[in-house]
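**Student:** Structure file final30.txt (compact mmCIF, C-alpha atoms and all ligand atoms) right here:
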# COMPACT_ATOMS: atom_id res chain seq x y z
CA MET X 1 -19.24 7.02 -48.04
CA MET X 2 -16.56 4.59 -49.22
CA ARG X 3 -13.70 5.94 -51.31
CA ARG X 4 -12.36 3.91 -54.19
CA VAL X 5 -8.70 4.33 -55.23
CA THR X 6 -6.33 2.53 -57.58
CA THR X 7 -2.88 3.91 -56.79
CA ILE X 8 -0.52 3.43 -53.89
CA ALA X 9 -0.08 7.21 -53.56
CA GLU X 10 -3.86 7.82 -53.29
CA THR X 11 -4.16 5.02 -50.74
CA ARG X 12 -1.42 6.49 -48.56
CA ALA X 13 -2.90 9.98 -48.82
CA ALA X 14 -6.42 8.82 -48.04
CA LEU X 15 -5.26 6.78 -45.06
CA ALA X 16 -3.12 9.61 -43.74
CA GLY X 17 -6.32 11.64 -43.51
CA LEU X 18 -8.43 8.83 -42.09
CA ARG X 19 -5.80 7.94 -39.50
CA ARG X 20 -5.78 11.43 -38.00
CA GLY X 21 -6.49 11.67 -34.29
CA GLY X 22 -5.03 8.22 -33.64
CA ARG X 23 -7.78 6.30 -35.38
CA THR X 24 -6.91 2.61 -35.85
CA VAL X 25 -6.81 1.02 -39.30
CA GLY X 26 -7.85 -2.52 -40.26
CA LEU X 27 -6.78 -4.11 -43.54
CA VAL X 28 -8.76 -6.83 -45.32
CA PRO X 29 -6.79 -8.20 -48.30
CA THR X 30 -8.89 -9.98 -50.95
CA MET X 31 -8.84 -11.03 -54.59
CA GLY X 32 -12.38 -9.80 -55.14
CA ALA X 33 -15.44 -11.73 -56.38
CA LEU X 34 -16.60 -11.01 -52.86
CA HIS X 35 -18.98 -13.16 -50.83
CA ASP X 36 -20.13 -13.36 -47.21
CA GLY X 37 -16.80 -14.88 -46.15
CA HIS X 38 -15.00 -11.73 -47.24
CA LEU X 39 -17.68 -9.52 -45.73
CA SER X 40 -17.29 -11.29 -42.37
CA LEU X 41 -13.69 -10.03 -42.38
CA VAL X 42 -14.92 -6.51 -43.11
CA ARG X 43 -17.32 -6.78 -40.17
CA ALA X 44 -14.53 -8.09 -37.92
CA SER X 45 -12.40 -5.13 -38.92
CA ARG X 46 -15.22 -2.67 -38.31
CA ASP X 47 -15.80 -4.18 -34.88
CA ARG X 48 -12.15 -3.80 -33.99
CA CYS X 49 -10.90 -0.75 -35.90
CA ASP X 50 -11.98 2.82 -36.61
CA VAL X 51 -11.13 2.64 -40.31
CA THR X 52 -11.42 -0.38 -42.63
CA VAL X 53 -9.48 -0.60 -45.89
CA VAL X 54 -10.16 -3.48 -48.26
CA SER X 55 -7.81 -4.38 -51.08
CA VAL X 56 -9.09 -6.14 -54.19
CA PHE X 57 -6.20 -7.44 -56.27
CA VAL X 58 -5.94 -10.67 -58.22
CA ASN X 59 -2.27 -11.16 -57.47
CA PRO X 60 -0.53 -12.75 -60.46
CA THR X 61 2.54 -13.84 -58.48
CA GLN X 62 0.58 -16.32 -56.39
CA PHE X 63 -0.77 -18.20 -59.40
CA GLY X 64 1.30 -20.97 -60.98
CA PRO X 65 1.51 -21.81 -64.67
CA GLY X 66 -1.73 -23.42 -65.83
CA GLU X 67 -3.69 -22.11 -62.83
CA ASP X 68 -6.81 -19.96 -63.11
CA LEU X 69 -5.29 -16.43 -63.15
CA ASP X 70 -6.98 -15.49 -66.42
CA SER X 71 -10.38 -16.98 -65.62
CA TYR X 72 -10.47 -15.87 -61.97
CA PRO X 73 -13.82 -14.06 -61.49
CA ARG X 74 -13.54 -10.27 -61.53
CA ASP X 75 -16.42 -7.86 -60.87
CA LEU X 76 -15.10 -4.73 -59.23
CA ASP X 77 -18.36 -2.74 -59.41
CA ALA X 78 -20.28 -5.49 -57.64
CA ASP X 79 -17.47 -5.78 -55.08
CA ALA X 80 -17.53 -2.03 -54.47
CA ALA X 81 -21.29 -2.09 -53.89
CA LEU X 82 -20.98 -4.94 -51.38
CA LEU X 83 -18.14 -3.21 -49.56
CA GLU X 84 -20.01 0.07 -49.45
CA SER X 85 -23.01 -1.59 -47.82
CA ALA X 86 -20.75 -3.54 -45.43
CA GLY X 87 -19.34 -0.22 -44.25
CA ALA X 88 -15.79 -0.31 -45.60
CA ASP X 89 -14.12 3.10 -45.69
CA LEU X 90 -11.59 2.64 -48.48
CA LEU X 91 -11.32 0.24 -51.43
CA PHE X 92 -7.84 -0.11 -52.89
CA ALA X 93 -8.05 -1.84 -56.28
CA PRO X 94 -4.73 -1.49 -58.08
CA ASP X 95 -3.80 -3.11 -61.35
CA ALA X 96 -0.77 -5.37 -61.65
CA SER X 97 1.53 -2.64 -63.00
CA GLU X 98 0.75 -0.44 -59.98
CA MET X 99 1.60 -3.25 -57.54
CA TYR X 100 4.64 -4.57 -59.42
CA ALA X 101 6.67 -1.69 -60.79
CA GLU X 102 8.95 -2.53 -63.66
CA GLY X 103 12.19 -3.99 -62.40
CA ALA X 104 10.85 -5.02 -58.99
CA GLU X 105 12.62 -8.25 -58.01
CA THR X 106 12.34 -8.66 -54.25
CA ARG X 107 10.24 -11.54 -53.00
CA VAL X 108 9.33 -12.67 -49.51
CA GLU X 109 10.16 -16.35 -49.18
CA PRO X 110 8.41 -17.96 -46.19
CA GLY X 111 10.08 -21.00 -44.65
CA SER X 112 9.17 -24.65 -44.20
CA ILE X 113 5.57 -23.86 -43.24
CA SER X 114 4.98 -22.86 -46.87
CA THR X 115 6.33 -25.99 -48.55
CA VAL X 116 3.84 -28.53 -47.14
CA LEU X 117 0.12 -29.09 -47.91
CA CYS X 118 -0.97 -26.50 -50.53
CA GLY X 119 2.66 -25.36 -50.86
CA ALA X 120 3.68 -28.82 -52.07
CA SER X 121 1.28 -28.78 -55.00
CA ARG X 122 1.53 -25.02 -55.67
CA PRO X 123 5.27 -24.20 -55.64
CA GLY X 124 5.87 -20.47 -55.22
CA HIS X 125 2.27 -19.82 -54.22
CA PHE X 126 2.98 -18.73 -50.65
CA ALA X 127 5.98 -16.63 -51.70
CA GLY X 128 3.57 -14.78 -53.99
CA VAL X 129 1.04 -14.41 -51.18
CA ALA X 130 3.64 -13.31 -48.62
CA THR X 131 5.15 -10.79 -51.03
CA VAL X 132 1.85 -9.13 -51.88
CA VAL X 133 0.68 -9.10 -48.26
CA VAL X 134 3.93 -7.51 -47.06
CA LYS X 135 3.50 -4.89 -49.80
CA LEU X 136 -0.12 -4.25 -48.79
CA LEU X 137 0.94 -3.90 -45.15
CA GLY X 138 3.64 -1.42 -46.20
CA ILE X 139 1.15 0.56 -48.27
CA THR X 140 -1.65 0.72 -45.70
CA LEU X 141 0.28 0.44 -42.38
CA PRO X 142 -2.70 -1.13 -40.59
CA ASP X 143 -2.94 -1.83 -36.89
CA PHE X 144 -4.80 -5.07 -37.61
CA ALA X 145 -4.99 -7.29 -40.69
CA PHE X 146 -7.83 -9.77 -41.11
CA PHE X 147 -7.55 -13.19 -42.77
CA GLY X 148 -9.97 -16.10 -43.01
CA GLU X 149 -9.31 -19.50 -41.51
CA LYS X 150 -10.72 -20.82 -44.78
CA ASP X 151 -7.16 -20.45 -46.08
CA TYR X 152 -5.66 -21.82 -42.89
CA GLN X 153 -2.15 -22.39 -44.17
CA GLN X 154 -2.11 -18.87 -45.63
CA LEU X 155 -3.11 -17.46 -42.23
CA LYS X 156 -0.30 -19.37 -40.51
CA VAL X 157 2.22 -18.31 -43.18
CA ILE X 158 1.24 -14.64 -42.74
CA GLU X 159 1.43 -14.91 -38.95
CA ARG X 160 4.93 -16.33 -39.32
CA VAL X 161 6.08 -13.72 -41.84
CA VAL X 162 4.81 -10.89 -39.64
CA ARG X 163 6.57 -12.37 -36.62
CA ASP X 164 9.83 -13.16 -38.43
CA LEU X 165 9.99 -9.70 -40.02
CA ASP X 166 8.94 -7.83 -36.84
CA MET X 167 6.06 -6.13 -38.61
CA PRO X 168 3.96 -3.99 -36.22
CA VAL X 169 0.56 -5.40 -37.11
CA ARG X 170 -1.77 -7.82 -35.40
CA VAL X 171 -2.90 -10.66 -37.65
CA MET X 172 -6.46 -11.70 -36.90
CA GLY X 173 -7.81 -15.09 -37.98
CA CYS X 174 -11.56 -15.18 -38.63
CA PRO X 175 -13.84 -18.25 -38.72
CA ILE X 176 -14.88 -19.96 -41.94
CA VAL X 177 -18.23 -18.85 -43.35
CA ARG X 178 -20.19 -21.69 -44.92
CA ASP X 179 -23.26 -22.21 -47.02
CA GLU X 180 -26.19 -23.90 -45.30
CA ASP X 181 -25.09 -27.29 -46.61
CA GLY X 182 -21.63 -26.88 -45.13
CA LEU X 183 -19.66 -25.91 -48.24
CA ALA X 184 -17.11 -23.22 -47.33
CA LEU X 185 -17.80 -20.06 -49.30
CA SER X 186 -15.18 -19.43 -51.98
CA SER X 187 -14.92 -17.26 -55.06
CA ARG X 188 -14.03 -20.46 -56.91
CA ASN X 189 -17.41 -22.03 -56.06
CA ARG X 190 -18.67 -19.99 -59.04
CA TYR X 191 -16.85 -22.44 -61.30
CA LEU X 192 -18.94 -25.41 -60.10
CA ASN X 193 -21.84 -26.73 -62.14
CA ALA X 194 -24.92 -28.08 -60.35
CA GLY X 195 -23.61 -31.64 -60.09
CA GLU X 196 -20.19 -30.52 -58.92
CA ARG X 197 -21.78 -28.24 -56.37
CA VAL X 198 -23.42 -31.32 -54.79
CA SER X 199 -20.18 -33.35 -54.94
CA ALA X 200 -18.28 -30.48 -53.33
CA ARG X 201 -20.21 -31.00 -50.11
CA VAL X 202 -18.05 -34.03 -49.40
CA LEU X 203 -15.21 -31.85 -48.10
CA SER X 204 -17.15 -30.30 -45.23
CA ARG X 205 -19.14 -33.52 -44.66
CA ALA X 206 -15.94 -35.56 -44.28
CA LEU X 207 -14.48 -32.98 -41.89
CA ARG X 208 -17.66 -33.01 -39.84
CA ARG X 209 -17.62 -36.81 -39.65
CA LEU X 210 -14.00 -36.57 -38.56
CA CYS X 211 -15.02 -34.25 -35.72
CA GLU X 212 -17.73 -36.72 -34.71
CA ARG X 213 -15.19 -39.57 -34.51
CA ILE X 214 -12.86 -37.39 -32.46
CA ALA X 215 -15.73 -36.45 -30.16
CA ARG X 216 -16.27 -40.19 -29.59
CA GLY X 217 -12.69 -40.44 -28.34
CA GLU X 218 -10.58 -41.43 -31.34
CA ILE X 219 -7.12 -39.86 -31.22
CA ASP X 220 -5.02 -41.84 -33.71
CA ALA X 221 -4.34 -39.19 -36.33
CA CYS X 222 -3.15 -41.73 -38.93
CA GLU X 223 -6.38 -43.70 -38.71
CA LEU X 224 -8.46 -40.55 -38.74
CA THR X 225 -6.55 -39.14 -41.72
CA ARG X 226 -7.10 -42.36 -43.66
CA ALA X 227 -10.85 -42.22 -43.00
CA LEU X 228 -10.94 -38.56 -44.06
CA ALA X 229 -9.03 -39.31 -47.26
CA ASP X 230 -11.21 -42.34 -48.04
CA GLU X 231 -14.42 -40.41 -47.62
CA VAL X 232 -13.34 -37.54 -49.87
CA SER X 233 -11.81 -39.69 -52.58
CA GLY X 234 -14.84 -42.02 -52.50
CA GLU X 235 -17.05 -39.26 -53.87
CA PRO X 236 -17.59 -39.56 -57.63
CA GLY X 237 -16.09 -36.67 -59.59
CA VAL X 238 -13.82 -35.66 -56.71
CA ARG X 239 -10.04 -36.13 -56.82
CA LEU X 240 -8.30 -35.84 -53.47
CA GLU X 241 -5.11 -33.78 -53.45
CA TYR X 242 -4.33 -34.19 -49.77
CA ALA X 243 -5.91 -34.95 -46.43
CA ALA X 244 -3.84 -34.20 -43.36
CA ILE X 245 -4.02 -33.72 -39.62
CA VAL X 246 -1.26 -31.38 -38.48
CA ASP X 247 -0.10 -29.30 -35.56
CA ALA X 248 -2.28 -26.17 -35.51
CA GLU X 249 0.71 -23.81 -35.48
CA THR X 250 3.67 -25.52 -37.17
CA LEU X 251 1.59 -27.59 -39.64
CA ALA X 252 3.87 -30.58 -38.90
CA PRO X 253 2.09 -33.97 -39.06
CA LEU X 254 0.49 -35.11 -35.80
CA GLY X 255 0.55 -38.74 -34.62
CA ARG X 256 -1.94 -38.47 -31.80
CA LEU X 257 -4.52 -35.81 -31.17
CA THR X 258 -3.21 -34.78 -27.78
CA SER X 259 -2.40 -31.17 -28.71
CA PRO X 260 -4.22 -28.54 -30.79
CA GLY X 261 -4.44 -29.71 -34.39
CA ARG X 262 -5.98 -28.87 -37.70
CA ALA X 263 -7.48 -31.25 -40.22
CA LEU X 264 -7.18 -30.02 -43.79
CA VAL X 265 -8.30 -31.27 -47.19
CA ALA X 266 -7.72 -30.15 -50.75
CA ALA X 267 -9.48 -31.74 -53.71
CA ARG X 268 -10.43 -31.15 -57.29
CA VAL X 269 -14.12 -31.20 -58.02
CA GLY X 270 -14.16 -31.42 -61.78
CA ARG X 271 -11.53 -28.84 -62.69
CA THR X 272 -12.07 -26.68 -59.62
CA ARG X 273 -9.62 -26.89 -56.75
CA LEU X 274 -11.31 -26.56 -53.35
CA ILE X 275 -9.92 -26.53 -49.81
CA ASP X 276 -11.45 -26.82 -46.35
CA ASN X 277 -10.29 -27.39 -42.79
CA VAL X 278 -11.39 -27.66 -39.20
CA ALA X 279 -9.86 -27.43 -35.72
CA VAL X 280 -9.29 -30.82 -34.08
CA GLY X 281 -7.96 -32.04 -30.76
CA PRO X 282 -7.76 -29.99 -27.62
CA VAL X 283 -8.48 -26.54 -28.99
CA PRO X 284 -8.16 -23.40 -26.93
CA ALA X 285 -11.76 -22.64 -25.89
CA LYS X 286 -11.72 -19.27 -27.64
CA ALA X 287 -11.19 -20.71 -31.13
CA ASP X 288 -13.42 -23.75 -30.79
CA ALA X 289 -16.88 -22.33 -31.32
CA ALA X 290 -15.58 -20.15 -34.10
CA VAL X 291 -14.23 -22.99 -36.20
CA VAL X 292 -17.03 -25.54 -36.06
CA PRO X 293 -20.12 -23.47 -36.69
CA LEU X 294 -23.20 -24.81 -34.97
CA SER X 295 -25.15 -23.98 -38.10
CA TRP X 296 -23.69 -26.89 -40.03
CA ARG X 297 -26.57 -29.03 -41.12
CA SER X 298 -26.67 -32.62 -42.27
CA PRO X 299 -26.33 -32.59 -46.03
CA ALA X 300 -29.50 -33.58 -47.82
P1 LIG X 401 -9.47 -14.46 -51.40
O1 LIG X 401 -10.25 -13.36 -52.05
O2 LIG X 401 -9.96 -15.82 -51.77
O3 LIG X 401 -7.99 -14.29 -51.55
O4 LIG X 401 -9.77 -14.33 -49.85
C1 LIG X 401 -9.53 -13.14 -49.16
C2 LIG X 401 -9.68 -13.38 -47.68
O5 LIG X 401 -10.99 -13.84 -47.40
C3 LIG X 401 -8.71 -14.46 -47.18
O6 LIG X 401 -8.21 -14.07 -45.90
C4 LIG X 401 -9.59 -15.66 -47.08
O7 LIG X 401 -9.17 -16.61 -46.13
C5 LIG X 401 -10.90 -15.03 -46.66
N1 LIG X 401 -12.02 -15.93 -46.96
C6 LIG X 401 -12.32 -16.47 -48.16
N2 LIG X 401 -13.38 -17.30 -48.05
C7 LIG X 401 -13.75 -17.28 -46.74
C8 LIG X 401 -14.77 -17.94 -45.98
N3 LIG X 401 -15.62 -18.80 -46.54
N4 LIG X 401 -14.85 -17.67 -44.67
C9 LIG X 401 -13.97 -16.82 -44.07
N5 LIG X 401 -12.99 -16.18 -44.73
C10 LIG X 401 -12.88 -16.39 -46.05
Just give me the structure as structure tokens.

**Tutor:**
Amino acid sequence: MMRRVTTIAETRAALAGLRRGGRTVGLVPTMGALHDGHLSLVRASRDRCDVTVVSVFVNPTQFGPGEDLDSYPRDLDADAALLESAGADLLFAPDASEMYAEGAETRVEPGSISTVLCGASRPGHFAGVATVVVKLLGITLPDFAFFGEKDYQQLKVIERVVRDLDMPVRVMGCPIVRDEDGLALSSRNRYLNAGERVSARVLSRALRRLCERIARGEIDACELTRALADEVSGEPGVRLEYAAIVDAETLAPLGRLTSPGRALVAARVGRTRLIDNVAVGPVPAKADAAVVPLSWRSPA
């Protein structure tokens, strides 16, 4: 039976009980409006840990002015039902005043890795993410914390923060879960109308074509990036924000695909901002199968 709590004190007390006897704890931080991508993280945690705690918190400090904080989908009862059936043990769903006590001023400011790509167009976003994640780690003290590769830059930022701050937790990256047509699952997909939903396929389609070109031997990252950008921005109703091929760890631009890389795109489909990415170049065998699911089908 999953327990549902809203305060930091209840979370600590519940976990103190659950942790007894040396049981390991896995944390899955989310903003709710849960889908199979989130639930894959819950499953990964259950596979790895004795106890799984999921946080649902739409974190105001990671939204910029004019972003979708107010309209972000919220349905805590539906989320709780999904988490219960996925086998989570504890749901921590605080409100903003519980997470940010009056007068709290400290922020975690990640370094250069957070100023490129999404960080360039969303100033302060990754400081908001890093701050709330560090708080969640401090509240739940997990052995493992699970993040999706869907938000690849976020995963790398969190890995860096945890390393730089010597936090005793293992950050686990989990593969992107996609719809049958390739679109990466996202809570924001709910914003798309039927036409936009079709246009949105261009992100995963362009990344898949990129992988095909790389498989045929192309390694010039500039050429490949141009083709990726052209394909996405060529789709009617889609406005490219960035297309990039970067070092898989530092997120610095890559010239040639001779080391592990990541291709990433961000675009607006109508008013909805979507992101996607894929591993490129010589990828460690372990990550490869996880990142390019064999279930990708040719879009209709
Ligand atoms: P969010 O609720 O959007 O903040 O996401 C919470 C966690 O779920 C983050 O670690 C995301 O990267 C992860 N996530 C979201 N969508 C997917 C997906 N399609 N596949 C895998 N992980 C995902």

**Student:** Can you tell me which residues sit at most 9 Å away from ligand LIG 401 (chain X), counting all atoms listed in the file, written as JSON, numbers by chain?

**Tutor:** {"X": [28, 29, 30, 31, 32, 33, 34, 35, 36, 37, 38, 39, 40, 41, 56, 57, 58, 59, 146, 147, 148, 149, 150, 151, 152, 154, 155, 173, 174, 175, 176, 177, 178, 179, 183, 184, 185, 186, 187, 188]}

**Student:** Just checking: using all atoms listed in the file, which residue out of X:Ser121, X:Thr140, X:Ser233, X:Thr131 ends up closest to Leu91 (chain X)?

**Tutor:**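 The closest residue to Leu91 (chain X) is X:Thr140.
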
**Student:** For Arg256 (chain X), which residue out of X:Gly217, X:Pro168, X:Gly237, X:Gly270 is the nearest one, using all atoms listed in the file?

**Tutor:**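 Going through X:Gly217, X:Pro168, X:Gly237, X:Gly270 one by one, the smallest distance to Arg256 (chain X) is for X:Gly217.
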
**Student:** Near Glu235 (chain X), counting all atoms listed in the file, which residues have an atom at most 8 Å away, once you skip same-chain residues fewer than 3 positions from it, shown as a VMD selection string?

**Tutor:** chain X and resid 199 202 231 to 232 238

**Student:** Rounded to one decimal in Å, what is the spacing between CA of Pro60 (chain X) and CA of Thr6 (chain X)?

**Tutor:**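 These atoms are spaced 16.6 Å apart.
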
**Student:** Extract, using all atoms listed in the file, all DNA, RNA and protein residues at most 10 Å from Glu196 (chain X), discarding same-chain residues fewer than 3 positions from it, and format them as JSON, numbers by chain.

**Tutor:** {"X": [189, 191, 192, 193, 199, 200, 201, 236, 237, 238, 268, 269, 270, 271, 272]}

**Student:** Pick out the closest residue to Ala101 (chain X) from this set: X:Arg226, X:Thr7, X:Asp77, X:Asp50. Count all atoms listed in the file.

**Tutor:**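 Closest residue, counting all atoms listed in the file: X:Thr7.
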
**Student:** Which one of X:Val25, X:Leu69, X:Leu15, X:Val54 sits closest to Phe144 (chain X) if you count all atoms listed in the file?

**Tutor:**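 Going through X:Val25, X:Leu69, X:Leu15, X:Val54 one by one, the smallest distance to Phe144 (chain X) is for X:Val25.
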
**Student:** Just the number, please: distance in Å from CA of Val5 (chain X) to CA of Phe92 (chain X), one decimal.

**Tutor:** 5.1 Å
